[in-house]
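Undergrad: Structure file data.pdb, PDB, C-alpha atoms, pLDDT in the B column, is pasted below:
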```pdb
MODEL        1
ATOM      1  CA  MET A   1     -50.027  47.060  73.954  1.00 37.00           C
ATOM      2  CA  VAL A   2     -51.020  49.710  76.482  1.00 39.00           C
ATOM      3  CA  VAL A   3     -54.477  51.277  76.219  1.00 39.00           C
ATOM      4  CA  THR A   4     -55.877  53.986  78.433  1.00 36.00           C
ATOM      5  CA  LEU A   5     -59.289  55.603  78.022  1.00 38.00           C
ATOM      6  CA  ALA A   6     -60.286  58.575  80.134  1.00 37.00           C
ATOM      7  CA  ALA A   7     -62.912  58.193  82.823  1.00 38.00           C
ATOM      8  CA  MET A   8     -63.516  59.638  86.277  1.00 37.00           C
ATOM      9  CA  SER A   9     -63.852  58.137  89.724  1.00 38.00           C
ATOM     10  CA  ASP A  10     -67.311  58.052  91.280  1.00 40.00           C
ATOM     11  CA  ASP A  11     -66.364  60.819  93.745  1.00 40.00           C
ATOM     12  CA  GLU A  12     -65.144  63.042  90.932  1.00 36.00           C
ATOM     13  CA  GLU A  13     -68.172  62.210  88.797  1.00 40.00           C
ATOM     14  CA  HIS A  14     -70.507  63.576  91.444  1.00 40.00           C
ATOM     15  CA  GLY A  15     -68.316  66.537  92.410  1.00 41.00           C
ATOM     16  CA  ALA A  16     -67.196  65.363  95.862  1.00 44.00           C
ATOM     17  CA  ALA A  17     -63.605  65.622  96.907  1.00 44.00           C
ATOM     18  CA  ALA A  18     -61.864  62.269  96.958  1.00 45.00           C
ATOM     19  CA  PRO A  19     -60.536  61.228 100.406  1.00 53.00           C
ATOM     20  CA  GLY A  20     -57.033  60.732  99.012  1.00 61.00           C
ATOM     21  CA  PRO A  21     -55.220  59.885  95.823  1.00 69.00           C
ATOM     22  CA  ARG A  22     -56.692  56.912  94.027  1.00 74.00           C
ATOM     23  CA  ARG A  23     -54.438  54.057  93.010  1.00 81.00           C
ATOM     24  CA  ARG A  24     -54.763  51.779  90.037  1.00 83.00           C
ATOM     25  CA  ARG A  25     -55.573  48.168  90.704  1.00 89.00           C
ATOM     26  CA  PRO A  26     -55.882  45.023  88.641  1.00 90.00           C
ATOM     27  CA  ALA A  27     -59.347  44.344  87.266  1.00 90.00           C
ATOM     28  CA  THR A  28     -61.309  41.466  88.697  1.00 91.00           C
ATOM     29  CA  VAL A  29     -62.269  38.702  86.295  1.00 91.00           C
ATOM     30  CA  ARG A  30     -65.829  40.101  86.152  1.00 92.00           C
ATOM     31  CA  GLU A  31     -64.572  43.649  85.449  1.00 93.00           C
ATOM     32  CA  ALA A  32     -62.165  42.453  82.761  1.00 90.00           C
ATOM     33  CA  LYS A  33     -64.929  40.472  81.045  1.00 91.00           C
ATOM     34  CA  ALA A  34     -67.278  43.458  81.240  1.00 92.00           C
ATOM     35  CA  LEU A  35     -64.669  45.685  79.573  1.00 92.00           C
ATOM     36  CA  ALA A  36     -63.879  43.136  76.854  1.00 90.00           C
ATOM     37  CA  HIS A  37     -66.705  44.228  74.536  1.00 93.00           C
ATOM     38  CA  PRO A  38     -66.638  47.499  72.548  1.00 92.00           C
ATOM     39  CA  LEU A  39     -70.359  48.134  73.049  1.00 95.00           C
ATOM     40  CA  ARG A  40     -69.941  47.996  76.818  1.00 95.00           C
ATOM     41  CA  VAL A  41     -66.980  50.396  76.647  1.00 93.00           C
ATOM     42  CA  ARG A  42     -69.124  52.808  74.604  1.00 94.00           C
ATOM     43  CA  ILE A  43     -71.996  52.512  77.093  1.00 96.00           C
ATOM     44  CA  LEU A  44     -69.612  53.487  79.893  1.00 95.00           C
ATOM     45  CA  ARG A  45     -68.354  56.484  77.929  1.00 92.00           C
ATOM     46  CA  LEU A  46     -71.864  57.675  77.103  1.00 94.00           C
ATOM     47  CA  CYS A  47     -73.015  57.321  80.719  1.00 95.00           C
ATOM     48  CA  LEU A  48     -69.944  58.967  82.197  1.00 90.00           C
ATOM     49  CA  HIS A  49     -71.161  62.554  82.162  1.00 86.00           C
ATOM     50  CA  ARG A  50     -74.936  62.084  82.153  1.00 90.00           C
ATOM     51  CA  GLU A  51     -77.577  59.539  83.026  1.00 94.00           C
ATOM     52  CA  LEU A  52     -79.027  57.595  80.112  1.00 96.00           C
ATOM     53  CA  THR A  53     -81.829  55.044  79.963  1.00 95.00           C
ATOM     54  CA  ASN A  54     -81.644  51.771  78.075  1.00 94.00           C
ATOM     55  CA  ARG A  55     -83.812  53.279  75.302  1.00 93.00           C
ATOM     56  CA  GLU A  56     -81.595  56.388  75.049  1.00 95.00           C
ATOM     57  CA  LEU A  57     -78.503  54.184  74.847  1.00 97.00           C
ATOM     58  CA  ALA A  58     -80.089  51.957  72.197  1.00 96.00           C
ATOM     59  CA  ASP A  59     -81.035  55.005  70.105  1.00 96.00           C
ATOM     60  CA  ARG A  60     -77.597  56.580  70.459  1.00 94.00           C
ATOM     61  CA  LEU A  61     -75.786  53.325  69.637  1.00 95.00           C
ATOM     62  CA  ASP A  62     -78.242  52.310  66.895  1.00 94.00           C
ATOM     63  CA  THR A  63     -78.591  48.930  68.586  1.00 95.00           C
ATOM     64  CA  ALA A  64     -81.602  46.866  69.644  1.00 96.00           C
ATOM     65  CA  PRO A  65     -82.783  47.707  73.185  1.00 95.00           C
ATOM     66  CA  GLY A  66     -82.596  44.041  74.219  1.00 96.00           C
ATOM     67  CA  THR A  67     -78.943  43.859  73.173  1.00 97.00           C
ATOM     68  CA  VAL A  68     -78.143  47.058  75.037  1.00 97.00           C
ATOM     69  CA  LEU A  69     -79.964  45.813  78.147  1.00 96.00           C
ATOM     70  CA  TYR A  70     -77.874  42.624  78.144  1.00 97.00           C
ATOM     71  CA  HIS A  71     -74.669  44.690  78.090  1.00 97.00           C
ATOM     72  CA  VAL A  72     -75.996  47.180  80.676  1.00 97.00           C
ATOM     73  CA  ARG A  73     -76.671  44.277  83.039  1.00 96.00           C
ATOM     74  CA  GLN A  74     -73.120  42.982  82.581  1.00 96.00           C
ATOM     75  CA  LEU A  75     -71.729  46.422  83.472  1.00 97.00           C
ATOM     76  CA  VAL A  76     -74.023  46.805  86.487  1.00 97.00           C
ATOM     77  CA  ALA A  77     -73.021  43.344  87.762  1.00 96.00           C
ATOM     78  CA  ALA A  78     -69.351  44.337  87.474  1.00 96.00           C
ATOM     79  CA  GLY A  79     -69.911  47.582  89.394  1.00 95.00           C
ATOM     80  CA  LEU A  80     -68.921  49.741  86.415  1.00 96.00           C
ATOM     81  CA  LEU A  81     -72.423  51.120  85.778  1.00 97.00           C
ATOM     82  CA  ALA A  82     -74.996  52.057  88.416  1.00 96.00           C
ATOM     83  CA  ALA A  83     -78.763  52.433  88.206  1.00 95.00           C
ATOM     84  CA  GLU A  84     -79.902  55.902  89.220  1.00 95.00           C
ATOM     85  CA  PRO A  85     -83.324  56.658  90.759  1.00 93.00           C
ATOM     86  CA  VAL A  86     -86.278  55.898  88.495  1.00 93.00           C
ATOM     87  CA  ARG A  87     -87.675  59.011  86.819  1.00 92.00           C
ATOM     88  CA  THR A  88     -90.737  59.933  84.806  1.00 89.00           C
ATOM     89  CA  GLY A  89     -90.017  60.361  81.103  1.00 84.00           C
ATOM     90  CA  ALA A  90     -91.482  62.890  78.663  1.00 83.00           C
ATOM     91  CA  GLY A  91     -94.420  60.589  77.841  1.00 86.00           C
ATOM     92  CA  GLY A  92     -95.199  59.895  81.502  1.00 88.00           C
ATOM     93  CA  ALA A  93     -93.623  56.418  81.543  1.00 89.00           C
ATOM     94  CA  LEU A  94     -91.178  55.454  84.282  1.00 92.00           C
ATOM     95  CA  GLU A  95     -87.562  55.290  83.122  1.00 92.00           C
ATOM     96  CA  LYS A  96     -84.518  53.731  84.750  1.00 94.00           C
ATOM     97  CA  PRO A  97     -81.389  55.758  83.957  1.00 96.00           C
ATOM     98  CA  TYR A  98     -77.817  54.543  84.385  1.00 97.00           C
ATOM     99  CA  ARG A  99     -74.555  56.337  85.090  1.00 95.00           C
ATOM    100  CA  ALA A 100     -70.974  55.087  84.849  1.00 94.00           C
ATOM    101  CA  THR A 101     -69.282  54.764  88.238  1.00 92.00           C
ATOM    102  CA  GLY A 102     -65.928  55.914  86.822  1.00 88.00           C
ATOM    103  CA  GLU A 103     -64.257  52.892  88.398  1.00 90.00           C
ATOM    104  CA  SER A 104     -62.953  51.643  85.043  1.00 89.00           C
ATOM    105  CA  TRP A 105     -60.397  54.482  84.922  1.00 87.00           C
ATOM    106  CA  TRP A 106     -58.670  53.122  88.015  1.00 85.00           C
ATOM    107  CA  LEU A 107     -58.347  49.588  86.633  1.00 88.00           C
ATOM    108  CA  ASP A 108     -54.903  48.709  85.340  1.00 80.00           C
ATOM    109  CA  GLY A 109     -55.409  48.354  81.581  1.00 62.00           C
ATOM    110  CA  SER A 110     -52.053  46.671  81.037  1.00 48.00           C
ATOM    111  CA  GLN A 111     -53.407  43.546  82.743  1.00 44.00           C
ATOM    112  CA  SER A 112     -56.070  42.879  80.098  1.00 48.00           C
ATOM    113  CA  ASP A 113     -55.965  39.830  77.864  1.00 53.00           C
ATOM    114  CA  PRO A 114     -53.969  40.945  74.811  1.00 53.00           C
ATOM    115  CA  GLY A 115     -56.102  38.749  72.560  1.00 56.00           C
ATOM    116  CA  THR A 116     -59.461  40.291  73.438  1.00 56.00           C
ATOM    117  CA  GLY A 117     -59.375  42.767  76.332  1.00 59.00           C
ATOM    118  CA  ALA A 118     -57.198  45.347  74.608  1.00 72.00           C
ATOM    119  CA  VAL A 119     -59.203  45.301  71.381  1.00 82.00           C
ATOM    120  CA  ALA A 120     -62.533  46.449  72.897  1.00 85.00           C
ATOM    121  CA  PRO A 121     -61.399  49.946  74.002  1.00 85.00           C
ATOM    122  CA  VAL A 122     -59.583  50.514  70.712  1.00 86.00           C
ATOM    123  CA  SER A 123     -62.641  49.476  68.717  1.00 85.00           C
ATOM    124  CA  ALA A 124     -64.920  51.618  70.905  1.00 86.00           C
ATOM    125  CA  PHE A 125     -62.611  54.627  70.522  1.00 88.00           C
ATOM    126  CA  GLN A 126     -62.545  54.203  66.741  1.00 89.00           C
ATOM    127  CA  GLN A 127     -66.351  54.083  66.667  1.00 88.00           C
ATOM    128  CA  GLU A 128     -66.541  57.232  68.828  1.00 88.00           C
ATOM    129  CA  LEU A 129     -64.061  59.014  66.586  1.00 90.00           C
ATOM    130  CA  ASP A 130     -65.951  57.955  63.449  1.00 90.00           C
ATOM    131  CA  GLU A 131     -69.197  59.231  64.992  1.00 88.00           C
ATOM    132  CA  ALA A 132     -67.670  62.588  65.995  1.00 90.00           C
ATOM    133  CA  GLY A 133     -65.973  63.067  62.601  1.00 91.00           C
ATOM    134  CA  PRO A 134     -62.458  64.206  61.675  1.00 90.00           C
ATOM    135  CA  GLU A 135     -63.195  67.814  62.616  1.00 92.00           C
ATOM    136  CA  SER A 136     -63.496  66.704  66.249  1.00 92.00           C
ATOM    137  CA  VAL A 137     -59.762  65.937  66.522  1.00 91.00           C
ATOM    138  CA  ARG A 138     -58.005  68.738  68.424  1.00 91.00           C
ATOM    139  CA  THR A 139     -54.510  67.312  68.706  1.00 90.00           C
ATOM    140  CA  PHE A 140     -52.605  64.127  68.144  1.00 87.00           C
ATOM    141  CA  ALA A 141     -49.038  62.899  68.055  1.00 88.00           C
ATOM    142  CA  ARG A 142     -47.956  59.958  65.980  1.00 88.00           C
ATOM    143  CA  PHE A 143     -44.552  58.533  66.750  1.00 89.00           C
ATOM    144  CA  ALA A 144     -42.248  55.548  66.446  1.00 91.00           C
ATOM    145  CA  LEU A 145     -39.724  54.828  69.173  1.00 93.00           C
ATOM    146  CA  HIS A 146     -37.254  52.083  69.948  1.00 94.00           C
ATOM    147  CA  LEU A 147     -38.057  51.036  73.516  1.00 95.00           C
ATOM    148  CA  SER A 148     -37.042  48.291  75.898  1.00 96.00           C
ATOM    149  CA  ASP A 149     -39.712  46.686  78.094  1.00 95.00           C
ATOM    150  CA  ASP A 150     -38.547  48.961  80.917  1.00 97.00           C
ATOM    151  CA  ASP A 151     -38.833  52.012  78.633  1.00 96.00           C
ATOM    152  CA  VAL A 152     -42.401  51.017  77.693  1.00 94.00           C
ATOM    153  CA  ALA A 153     -43.313  50.699  81.374  1.00 92.00           C
ATOM    154  CA  GLU A 154     -41.757  54.097  82.159  1.00 96.00           C
ATOM    155  CA  LEU A 155     -43.471  55.842  79.236  1.00 94.00           C
ATOM    156  CA  ASP A 156     -46.810  54.355  80.274  1.00 90.00           C
ATOM    157  CA  ARG A 157     -46.256  55.326  83.916  1.00 90.00           C
ATOM    158  CA  ARG A 158     -45.465  58.941  83.033  1.00 94.00           C
ATOM    159  CA  ILE A 159     -48.325  59.444  80.606  1.00 93.00           C
ATOM    160  CA  VAL A 160     -50.856  57.783  82.886  1.00 89.00           C
ATOM    161  CA  ALA A 161     -49.617  59.908  85.824  1.00 90.00           C
ATOM    162  CA  VAL A 162     -50.382  63.076  83.838  1.00 93.00           C
ATOM    163  CA  LEU A 163     -53.794  61.722  82.820  1.00 91.00           C
ATOM    164  CA  ASP A 164     -54.544  60.699  86.436  1.00 89.00           C
ATOM    165  CA  GLU A 165     -53.818  64.277  87.517  1.00 90.00           C
ATOM    166  CA  PHE A 166     -56.269  65.679  84.969  1.00 91.00           C
ATOM    167  CA  VAL A 167     -58.907  63.028  85.748  1.00 87.00           C
ATOM    168  CA  SER A 168     -58.714  63.676  89.487  1.00 85.00           C
ATOM    169  CA  THR A 169     -59.283  67.426  88.958  1.00 88.00           C
ATOM    170  CA  ASP A 170     -61.808  67.219  86.114  1.00 86.00           C
ATOM    171  CA  HIS A 171     -64.670  68.278  88.371  1.00 84.00           C
ATOM    172  CA  GLN A 172     -63.000  71.712  88.528  1.00 92.00           C
ATOM    173  CA  ARG A 173     -63.391  72.173  84.766  1.00 92.00           C
ATOM    174  CA  ARG A 174     -67.033  71.124  84.251  1.00 87.00           C
ATOM    175  CA  ASP A 175     -67.694  74.468  82.537  1.00 93.00           C
ATOM    176  CA  GLN A 176     -65.221  73.615  79.767  1.00 93.00           C
ATOM    177  CA  PRO A 177     -65.807  71.491  76.610  1.00 91.00           C
ATOM    178  CA  LEU A 178     -65.575  67.723  77.018  1.00 88.00           C
ATOM    179  CA  TYR A 179     -62.757  65.885  75.208  1.00 90.00           C
ATOM    180  CA  GLY A 180     -62.156  62.158  74.863  1.00 87.00           C
ATOM    181  CA  GLY A 181     -58.888  60.476  74.075  1.00 88.00           C
ATOM    182  CA  ALA A 182     -56.766  57.389  74.177  1.00 85.00           C
ATOM    183  CA  PHE A 183     -53.121  56.552  74.625  1.00 85.00           C
ATOM    184  CA  LEU A 184     -52.096  53.484  72.711  1.00 84.00           C
ATOM    185  CA  LEU A 185     -48.679  51.943  72.190  1.00 86.00           C
ATOM    186  CA  HIS A 186     -48.301  49.010  69.795  1.00 86.00           C
ATOM    187  CA  ARG A 187     -45.655  46.989  67.997  1.00 88.00           C
ATOM    188  CA  PRO A 188     -45.937  47.567  64.223  1.00 87.00           C
ATOM    189  CA  ALA A 189     -46.035  44.643  61.849  1.00 86.00           C
ATOM    190  CA  GLU A 190     -42.573  43.871  60.582  1.00 82.00           C
TER     191      GLU A 190
ENDMDL
END
```
Write the structure described by the file as structure tokens, please.

TA:
Amino acid sequence: MVVTLAAMSDDEEHGAAAPGPRRRRPATVREAKALAHPLRVRILRLCLHRELTNRELADRLDTAPGTVLYHVRQLVAAGLLAAEPVRTGAGGALEKPYRATGESWWLDGSQSDPGTGAVAPVSAFQQELDEAGPESVRTFARFALHLSDDDVAELDRRIVAVLDEFVSTDHQRRDQPLYGGAFLLHRPAE
């Protein structure tokens, strides 16, 4: 199974030009564990384009703040989520917002544990799609292909190369609507 969810590098997230083309790399054990839970994947997606506090995340995810904080800490420890400067909230209380670093995009998703690691992004994407509703879908292609292992690797390489190109230039389209997506290839039950 190959799963790819869109995200941006930290340089692209903050509008700076990247020093050169980014390359995918295998996830560390800590990164892989951090990405192995659907709630953490959703937190990263929500914090990708704007800063959110633990309370804002808990409200958006309809989850207890303590649970969200546990997952936020896991993501911060893995370097996938960063604390932004403390700010004063509407009620005058100090708030600690978080923003996704975008590093998860550059991690090679094909290296995840097929038993658990690949399920989290799929589950998170399904939850996001359910939340957005069927009218949010702009395009999709459903297909069935006979592929060798080499064909699967080539298809993945080509699709990810196109996505990498769009991710690396996303900062140029900040005035356009935001879209999310996933590329998933699976073996059907026989």

Undergrad: Any idea what's packed within 9 Å of Leu61 (chain A), counting all atoms listed in the file, ignoring anything in its chain fewer than 6 positions away? Could you give it as a PyMOL selection string?

TA: chain A and resi 39+42-43+68

Undergrad: The PyMOL selection byres ((chain A and resi 78-83) around 7) - which residues does that actually catch in the file I just gave you? List them as an MDAnalysis selection string.

TA: chainID A and resid 30:31 34 44 74:77 84:85 96:104

Undergrad: Of the candidates A:Pro177, A:Ala36, A:Arg142, A:Cys47, which one gets nearest to Pro121 (chain A) if we count all atoms listed in the file?

TA: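 Of the candidates, the smallest distance to Pro121 (chain A) is held by A:Ala36.
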
Undergrad: Mind pulling up the distance from CA of Asp108 (chain A) to CA of Ala58 (chain A)?

TA: 28.6 Å

Undergrad: Under the rule that only C-alpha atoms are counted, which of A:Leu69, A:Ala161, A:Leu94, A:Leu107 is the nearest residue to Val29 (chain A)?

TA: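 Counting only C-alpha atoms, the residue closest to Val29 (chain A) is A:Leu107.
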
Undergrad: In Å to one decimal, how far is CA of Gly180 (chain A) from CA of Leu129 (chain A)?

TA: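 Computing the Euclidean distance for CA of Leu129 (chain A) and CA of Gly180 (chain A) yields 9.1 Å.
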
Undergrad: Suppose you want the space between CA of Arg73 (chain A) and CA of Thr88 (chain A); what is it in Å?

TA: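 Separation between CA of Arg73 (chain A) and CA of Thr88 (chain A): 21.1 Å.
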
Undergrad: Can you tell me, as a PyMOL selection string, what residues are no more than 10 Å from Phe125 (chain A) when counting only C-alpha atoms, ignoring any on the same chain fewer than 4 positions away?

TA: chain A and resi 5+38+41-42+45+119-121+129-131+180-182

Undergrad: List, as a PyMOL selection string, every residue that the PyMOL selection byres ((chain A and resi 178) around 12) selects in the file provided.

TA: chain A and resi 6-7+45-46+48-49+136+138+167+170-171+173-177+179-181

Undergrad: Go through A:Thr53, A:Val137, A:Leu145, A:Val122 and flag the residue nearest Phe183 (chain A), using all atoms listed in the file for the distances.

TA: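 Residue with the minimum atom-to-atom distance to Phe183 (chain A): A:Val122.
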
Undergrad: Please return as an NGL selection string every residue within 9 Å of (-47.3, 53.6, 70.0), taking into account only C-alpha atoms and the file's own coordinates.

TA: :A and (1-2 or 142-145 or 183-188)

Undergrad: Looking at A:Ala124, A:Val72, A:Pro65, A:Ser168, which one is nearest to Arg23 (chain A), with distances taken over only C-alpha atoms?

TA: A:Ser168
